[in-house]
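To be precise, the following lines are run.txt, and they hold compact mmCIF, C-alpha atoms and all ligand atoms.
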# COMPACT_ATOMS: atom_id res chain seq x y z
CA MET A 16 0.00 0.00 0.00
CA ILE A 17 2.70 2.46 1.10
CA LYS A 18 4.70 1.42 -1.93
CA SER A 19 1.82 2.03 -4.32
CA ILE A 20 1.17 5.49 -2.82
CA PHE A 21 4.83 6.26 -3.26
CA LEU A 22 4.75 5.03 -6.87
CA SER A 23 1.73 7.16 -7.78
CA LEU A 24 3.24 10.19 -6.03
CA SER A 25 6.48 9.80 -7.91
CA ALA A 26 4.56 9.38 -11.18
CA LEU A 27 2.76 12.64 -10.38
CA PHE A 28 6.02 14.35 -9.53
CA ILE A 29 7.57 13.19 -12.78
CA SER A 30 4.67 14.26 -14.98
CA ALA A 31 4.35 17.61 -13.19
CA HIS A 32 7.97 18.26 -13.98
CA GLY A 33 7.63 17.23 -17.60
CA PHE A 34 10.08 14.36 -17.47
CA SER A 35 10.42 13.18 -21.04
CA SER A 36 8.28 10.25 -22.07
CA ASP A 37 9.42 9.53 -25.59
CA TRP A 38 6.93 9.56 -28.45
CA GLY A 39 4.25 9.93 -25.81
CA GLN A 40 1.53 7.33 -25.48
CA THR A 41 -0.23 8.19 -28.72
CA GLY A 42 2.90 8.00 -30.87
CA HIS A 43 4.02 4.67 -29.44
CA ARG A 44 0.52 3.21 -29.82
CA VAL A 45 0.31 4.31 -33.46
CA ILE A 46 3.54 2.41 -34.14
CA GLY A 47 2.23 -0.70 -32.39
CA PHE A 48 -1.06 -0.46 -34.31
CA VAL A 49 0.67 -0.14 -37.70
CA ALA A 50 2.93 -3.08 -36.88
CA GLN A 51 -0.03 -5.22 -35.80
CA GLN A 52 -1.66 -4.65 -39.18
CA HIS A 53 1.46 -5.87 -41.00
CA LEU A 54 2.15 -9.04 -39.00
CA SER A 55 2.27 -12.43 -40.69
CA GLU A 56 -0.19 -15.02 -39.43
CA ALA A 57 2.57 -16.93 -37.62
CA ALA A 58 3.94 -13.82 -35.92
CA ALA A 59 0.48 -12.57 -34.93
CA ALA A 60 -0.33 -15.95 -33.33
CA ALA A 61 3.00 -16.19 -31.47
CA ILE A 62 2.70 -12.62 -30.17
CA ASP A 63 -0.93 -13.03 -29.15
CA ASP A 64 0.13 -16.05 -27.14
CA LEU A 65 3.16 -14.36 -25.52
CA LEU A 66 1.24 -11.21 -24.61
CA ASP A 67 -1.91 -13.06 -23.50
CA GLY A 68 -4.00 -11.24 -26.07
CA GLU A 69 -2.60 -7.77 -25.42
CA SER A 70 -2.17 -5.73 -28.62
CA LEU A 71 1.17 -4.27 -29.73
CA ALA A 72 -0.42 -0.82 -29.32
CA PHE A 73 -1.16 -1.60 -25.67
CA ALA A 74 2.27 -3.16 -25.08
CA SER A 75 4.09 -0.22 -26.70
CA THR A 76 4.06 2.06 -23.66
CA TYR A 77 5.32 -0.52 -21.16
CA GLY A 78 8.91 0.69 -21.60
CA ASP A 79 7.90 4.10 -20.23
CA GLU A 80 5.54 2.75 -17.58
CA ILE A 81 8.40 0.97 -15.76
CA ARG A 82 10.63 4.05 -15.72
CA SER A 83 9.39 5.31 -12.37
CA ILE A 84 10.28 1.99 -10.71
CA LYS A 85 13.71 2.05 -9.11
CA SER A 86 14.70 -1.52 -9.95
CA TYR A 87 14.31 -0.73 -13.67
CA LYS A 88 16.55 2.38 -13.62
CA ASN A 89 19.28 0.54 -15.52
CA TYR A 90 16.98 0.56 -18.58
CA ASP A 91 16.88 4.38 -18.75
CA PRO A 92 19.82 4.76 -21.18
CA TRP A 93 18.23 2.16 -23.46
CA HIS A 94 15.67 4.67 -24.78
CA TYR A 95 18.12 6.76 -26.81
CA VAL A 96 21.66 7.13 -28.10
CA ASN A 97 23.59 10.36 -27.86
CA MET A 98 26.46 11.01 -30.22
CA PRO A 99 28.17 13.89 -32.00
CA LEU A 100 26.24 15.06 -35.06
CA ASP A 101 29.28 14.58 -37.30
CA LYS A 102 29.85 10.94 -36.33
CA ARG A 103 28.04 7.87 -37.57
CA TYR A 104 26.96 5.20 -35.10
CA ALA A 105 29.66 2.78 -36.29
CA GLU A 106 32.32 5.42 -35.46
CA VAL A 107 31.43 5.92 -31.80
CA GLU A 108 32.36 3.75 -28.83
CA PRO A 109 29.12 2.08 -27.72
CA SER A 110 28.02 3.14 -24.22
CA GLU A 111 28.63 0.52 -21.55
CA LYS A 112 25.26 1.38 -20.05
CA GLY A 113 23.57 0.45 -23.30
CA ASP A 114 21.70 2.55 -25.83
CA VAL A 115 18.63 2.17 -28.01
CA PHE A 116 20.49 0.26 -30.74
CA GLN A 117 22.01 -2.21 -28.30
CA ALA A 118 18.61 -2.47 -26.59
CA ILE A 119 16.87 -3.56 -29.79
CA LYS A 120 19.60 -6.11 -30.51
CA HIS A 121 19.34 -7.47 -26.98
CA CYS A 122 15.54 -7.79 -27.12
CA LEU A 123 15.69 -9.58 -30.48
CA GLY A 124 18.35 -11.89 -29.05
CA VAL A 125 16.14 -12.88 -26.10
CA LEU A 126 13.19 -13.50 -28.45
CA GLN A 127 15.28 -15.62 -30.83
CA ASP A 128 16.98 -17.66 -28.10
CA THR A 129 15.13 -20.95 -27.67
CA SER A 130 16.40 -21.28 -24.08
CA THR A 131 14.85 -18.08 -22.63
CA SER A 132 11.67 -18.34 -20.59
CA ARG A 133 8.25 -17.30 -21.81
CA GLU A 134 8.18 -14.55 -19.15
CA ASP A 135 11.54 -13.21 -20.29
CA LYS A 136 10.38 -13.25 -23.91
CA ALA A 137 7.16 -11.40 -23.09
CA PHE A 138 9.09 -8.72 -21.14
CA HIS A 139 11.58 -8.19 -23.96
CA LEU A 140 8.88 -8.20 -26.63
CA ARG A 141 7.14 -5.32 -24.83
CA LEU A 142 10.45 -3.46 -24.61
CA LEU A 143 11.24 -4.15 -28.28
CA VAL A 144 7.95 -2.59 -29.41
CA HIS A 145 8.82 0.49 -27.36
CA PHE A 146 12.47 0.85 -28.41
CA VAL A 147 11.79 0.42 -32.14
CA GLY A 148 9.54 3.42 -31.63
CA ASP A 149 12.13 5.40 -29.72
CA ILE A 150 14.92 4.88 -32.26
CA HIS A 151 12.67 6.50 -34.89
CA GLN A 152 12.21 9.71 -32.86
CA PRO A 153 14.96 11.80 -34.48
CA LEU A 154 16.00 13.47 -31.21
CA HIS A 155 16.51 10.09 -29.55
CA VAL A 156 19.67 10.19 -31.67
CA GLY A 157 20.71 13.57 -30.38
CA ARG A 158 23.65 15.37 -28.84
CA ALA A 159 24.79 14.49 -25.33
CA GLU A 160 25.35 18.15 -24.34
CA ASP A 161 21.66 19.06 -24.64
CA ARG A 162 20.29 15.56 -23.89
CA GLY A 163 18.71 15.11 -27.27
CA GLY A 164 17.24 18.62 -27.31
CA ASN A 165 15.78 18.45 -23.77
CA GLY A 166 18.13 21.35 -22.96
CA ILE A 167 16.88 23.52 -25.83
CA LYS A 168 14.00 25.43 -24.29
CA VAL A 169 11.28 26.72 -26.59
CA LEU A 170 7.82 28.22 -26.22
CA TRP A 171 5.26 25.90 -27.76
CA PHE A 172 2.12 27.94 -28.48
CA GLY A 173 3.33 30.26 -25.70
CA LYS A 174 3.86 27.48 -23.15
CA LYS A 175 7.29 26.47 -21.78
CA SER A 176 8.61 23.34 -23.45
CA ASN A 177 11.74 22.10 -25.16
CA ILE A 178 12.49 20.90 -28.66
CA HIS A 179 12.78 17.26 -27.54
CA ARG A 180 9.29 17.32 -26.10
CA VAL A 181 7.93 19.08 -29.18
CA TRP A 182 9.06 16.04 -31.18
CA ASP A 183 8.11 13.44 -28.55
CA SER A 184 4.57 14.57 -27.98
CA GLU A 185 3.64 18.26 -28.38
CA MET A 186 3.04 18.09 -32.13
CA ILE A 187 1.18 14.77 -31.89
CA ASN A 188 -0.95 15.82 -28.93
CA GLY A 189 -1.75 19.11 -30.69
CA TYR A 190 -3.92 17.18 -33.13
CA GLN A 191 -5.98 15.64 -30.32
CA MET A 192 -6.51 12.43 -32.25
CA SER A 193 -6.78 8.97 -30.79
CA TYR A 194 -4.03 6.61 -31.84
CA THR A 195 -6.35 4.76 -34.23
CA GLU A 196 -7.42 8.05 -35.85
CA LEU A 197 -3.83 9.11 -36.30
CA ALA A 198 -2.91 5.65 -37.65
CA GLN A 199 -5.61 6.12 -40.29
CA ASN A 200 -3.98 9.38 -41.34
CA LEU A 201 -0.44 8.26 -41.98
CA PRO A 202 1.23 8.68 -45.38
CA ARG A 203 0.27 6.26 -48.13
CA HIS A 204 3.01 4.35 -49.90
CA SER A 205 2.95 1.76 -52.68
CA GLU A 206 3.69 -1.88 -51.90
CA VAL A 207 7.17 -1.46 -53.38
CA GLU A 208 7.90 1.59 -51.25
CA GLN A 209 6.54 -0.12 -48.14
CA GLU A 210 8.84 -3.06 -48.75
CA ALA A 211 11.86 -0.77 -49.11
CA ILE A 212 10.99 1.04 -45.88
CA ALA A 213 10.28 -2.18 -43.96
CA THR A 214 13.49 -3.94 -44.98
CA THR A 215 15.92 -1.09 -44.22
CA PRO A 216 18.38 -2.87 -41.91
CA LEU A 217 18.61 -2.05 -38.22
CA SER A 218 22.22 -0.94 -38.74
CA GLN A 219 20.91 2.11 -40.65
CA TRP A 220 18.12 3.22 -38.32
CA VAL A 221 20.36 5.28 -36.02
CA ASP A 222 22.12 7.17 -38.80
CA GLU A 223 18.80 7.80 -40.53
CA SER A 224 17.28 9.37 -37.40
CA GLN A 225 20.44 11.43 -36.96
CA GLY A 226 19.94 12.86 -40.46
CA TYR A 227 16.59 14.27 -39.32
CA ALA A 228 18.08 15.37 -35.98
CA LYS A 229 20.68 17.49 -37.78
CA GLN A 230 17.94 19.36 -39.63
CA ILE A 231 15.93 19.83 -36.43
CA TYR A 232 18.97 21.22 -34.54
CA GLY A 233 19.82 23.50 -37.46
CA ASP A 234 16.30 24.86 -37.54
CA VAL A 235 15.78 25.91 -33.90
CA GLU A 236 17.15 28.47 -31.48
CA GLN A 237 17.10 28.63 -27.69
CA ASP A 238 13.83 30.24 -26.45
CA GLN A 239 12.29 30.27 -29.91
CA ARG A 240 8.51 30.64 -30.16
CA LEU A 241 7.06 27.72 -32.08
CA GLY A 242 3.51 27.03 -33.15
CA TYR A 243 1.40 26.40 -36.25
CA ALA A 244 4.14 27.14 -38.80
CA TYR A 245 6.55 24.69 -37.16
CA GLN A 246 3.84 22.06 -36.87
CA ARG A 247 2.81 22.39 -40.51
CA ILE A 248 6.39 21.98 -41.71
CA HIS A 249 7.41 19.11 -39.44
CA PHE A 250 4.30 17.02 -38.81
CA PRO A 251 4.71 15.15 -42.13
CA THR A 252 8.08 13.93 -40.82
CA VAL A 253 6.49 12.80 -37.54
CA ARG A 254 3.83 10.88 -39.45
CA PHE A 255 6.42 9.28 -41.70
CA ARG A 256 8.63 8.24 -38.79
CA LEU A 257 5.67 6.64 -36.98
CA TYR A 258 4.74 4.78 -40.15
CA ALA A 259 8.32 3.62 -40.89
CA ALA A 260 8.76 2.44 -37.30
CA GLY A 261 5.54 0.42 -37.52
CA LEU A 262 6.49 -1.25 -40.80
CA ARG A 263 9.97 -2.08 -39.54
CA LEU A 264 8.70 -3.42 -36.24
CA ALA A 265 6.36 -5.76 -38.14
CA HIS A 266 9.23 -6.84 -40.38
CA VAL A 267 11.62 -7.78 -37.55
CA LEU A 268 8.78 -9.53 -35.70
CA ASN A 269 7.79 -11.46 -38.83
CA GLU A 270 11.40 -12.60 -39.20
CA THR A 271 11.71 -13.47 -35.52
CA PHE A 272 8.46 -15.44 -35.44
CA ALA A 273 8.71 -16.88 -38.96
CA THR A 274 7.54 -20.19 -37.62
CA SER A 275 5.52 -20.10 -34.44
CA LYS A 276 7.92 -20.97 -31.62
CA SER A 277 6.80 -18.77 -28.75
CA LYS A 278 6.41 -21.69 -26.38
CA GLY A 279 10.20 -22.25 -26.51
N1 LIG B 1 18.30 11.74 -22.01
C1 LIG B 1 19.54 12.04 -22.39
N2 LIG B 1 19.62 12.05 -23.74
C2 LIG B 1 18.40 11.77 -24.21
C3 LIG B 1 17.85 11.62 -25.50
N3 LIG B 1 18.57 11.78 -26.62
N4 LIG B 1 16.55 11.30 -25.60
C4 LIG B 1 15.81 11.12 -24.49
N5 LIG B 1 16.26 11.25 -23.25
C5 LIG B 1 17.56 11.57 -23.10
ZN ZN B 2 11.88 11.37 -25.82
ZN ZN B 3 11.31 5.30 -24.52
Go through the file and emit its structure as structure tokens.
Ligand code: ADE
Ligand code: ZN
Ligand code: ZN
Amino acid sequence: MIKSIFLSLSALFISAHGFSSDWGQTGHRVIGFVAQQHLSEAAAAAIDDLLDGESLAFASTYGDEIRSIKSYKNYDPWHYVNMPLDKRYAEVEPSEKGDVFQAIKHCLGVLQDTSTSREDKAFHLRLLVHFVGDIHQPLHVGRAEDRGGNGIKVLWFGKKSNIHRVWDSEMINGYQMSYTELAQNLPRHSEVEQEAIATTPLSQWVDESQGYAKQIYGDVEQDQRLGYAYQRIHFPTVRFRLYAAGLRLAHVLNETFATSKSKG
């Protein structure tokens, strides 16, 4: 009881102080929803079994939900990777505490290992859904000195915010759409284009996000006032990143669960 009061108080404290929460719930759920729609039959069955019927949209926010729990603190650095804007991921020394690229690799490893428990697989599947989302938020591949733009304060429609949060959630929340409504309003691509997006290898996802991050950094100043104009210019990128993340998540899950083996 005491513990649960403490947990809800600390959750309140964190939200009142605007602690970053990645794509926000809506963004992460959109990605899970898109992925669910692109699962093979075998993958859908294996995942349904592992998650006891929970959807990928529902599972997608688990990675953020455990952040206020002390024993999960070691997962905090797994949500992002910070590196200099002029270096590619392959050129930097990987952080010993882990990063979002290593996190995705680790989760896939647990899912593909026939000796890991069902509980372990379910935990890492939930995290995988979350981290594939995070790696597609351009500022989750940001600079260390401003913590992925968290240190670049801006006024968002007159309200104090920062450029990281604008990309995590302010733009998305501004539309006040449910995740299913937003998922129905993502860009349309041909089958051939979808295939090209879905099969882009994991090794390129970090550098790709960094490409967008460079533009975002180059296009903002400390204390800048941002509103409709910024949203109009950048929301197409947000929608595309959510869509790409969903397609890619489905692709890696389809490969991982090519033949149903979740009982393993
Ligand atoms: N904390 C430090 N760097 C961060 C980043 N790039 N994204 C989210 N949280 C962070
Ligand atoms: Zn974030
Ligand atoms: Zn996250």
Find the nearest atom pair between each residue of chain A and ligand ZN 2 (chain B) for residues within 12 Å, count all atoms listed in the file, give distances in Å to one decimal, sort rows by chain and ascending number, and present the table as CSV.
residue,atom,partner,partner_atom,distance
A:Gly33,CA,B:ZN2,ZN,11.0
A:Phe34,CA,B:ZN2,ZN,9.1
A:Ser35,CA,B:ZN2,ZN,5.3
A:Ser36,CA,B:ZN2,ZN,5.3
A:Asp37,CA,B:ZN2,ZN,3.1
A:Trp38,CA,B:ZN2,ZN,5.9
A:Gly39,CA,B:ZN2,ZN,7.8
A:Gln40,CA,B:ZN2,ZN,11.1
A:Gly42,CA,B:ZN2,ZN,10.8
A:His43,CA,B:ZN2,ZN,10.9
A:Gly78,CA,B:ZN2,ZN,11.9
A:Asp79,CA,B:ZN2,ZN,10.0
A:Asp91,CA,B:ZN2,ZN,11.1
A:Pro92,CA,B:ZN2,ZN,11.3
A:Trp93,CA,B:ZN2,ZN,11.4
A:His94,CA,B:ZN2,ZN,7.8
A:Tyr95,CA,B:ZN2,ZN,7.8
A:Val96,CA,B:ZN2,ZN,10.9
A:Asn97,CA,B:ZN2,ZN,11.9
A:Val115,CA,B:ZN2,ZN,11.6
A:His145,CA,B:ZN2,ZN,11.4
A:Phe146,CA,B:ZN2,ZN,10.9
A:Gly148,CA,B:ZN2,ZN,10.1
A:Asp149,CA,B:ZN2,ZN,7.1
A:Ile150,CA,B:ZN2,ZN,9.6
A:His151,CA,B:ZN2,ZN,10.3
A:Gln152,CA,B:ZN2,ZN,7.2
A:Pro153,CA,B:ZN2,ZN,9.2
A:Leu154,CA,B:ZN2,ZN,7.1
A:His155,CA,B:ZN2,ZN,6.1
A:Val156,CA,B:ZN2,ZN,9.8
A:Gly157,CA,B:ZN2,ZN,10.2
A:Arg162,CA,B:ZN2,ZN,9.6
A:Gly163,CA,B:ZN2,ZN,7.9
A:Gly164,CA,B:ZN2,ZN,9.1
A:Asn165,CA,B:ZN2,ZN,8.3
A:Asn177,CA,B:ZN2,ZN,10.8
A:Ile178,CA,B:ZN2,ZN,10.0
A:His179,CA,B:ZN2,ZN,6.2
A:Arg180,CA,B:ZN2,ZN,6.5
A:Val181,CA,B:ZN2,ZN,9.3
A:Trp182,CA,B:ZN2,ZN,7.6
A:Asp183,CA,B:ZN2,ZN,5.1
A:Ser184,CA,B:ZN2,ZN,8.3
A:Glu185,CA,B:ZN2,ZN,11.0
(message) Between A:Glu160, A:Glu56, A:Glu106, A:Glu69, which residue has the minimum interatomic distance to ligand LIG 1 (chain B), considering only C-alpha atoms and all ligand atoms?
(response) A:Glu160
(request) Calculate how many Å separate CA of Ala59 (chain A) from CA of Gln219 (chain A), rounding to one decimal. (result)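 Rounded to one decimal, the two atoms are 25.8 Å apart.
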(request) Find the residue from A:His204, A:Arg44, A:Lys85, A:Arg133 that sits nearest to Asp67 (chain A); use only C-alpha atoms when measuring. (result) A:Arg133
(request) Do a neighbour search on Leu65 (chain A) at 8 Å with only C-alpha atoms, toss out local chain neighbours closer than 4 positions, and write the hits as a VMD selection string. (result) chain A and resid 61 133 136 to 137 277
(message) Please compute the CA of Glu270 (chain A)-CA of Glu111 (chain A) distance, one decimal, in Å.
(response) 27.9 Å
(message) Just checking: using all atoms listed in the file, which residue out of A:Leu143, A:Leu170, A:Ile84, A:Met98 ends up closest to ligand ZN 3 (chain B)?
(response) A:Leu143
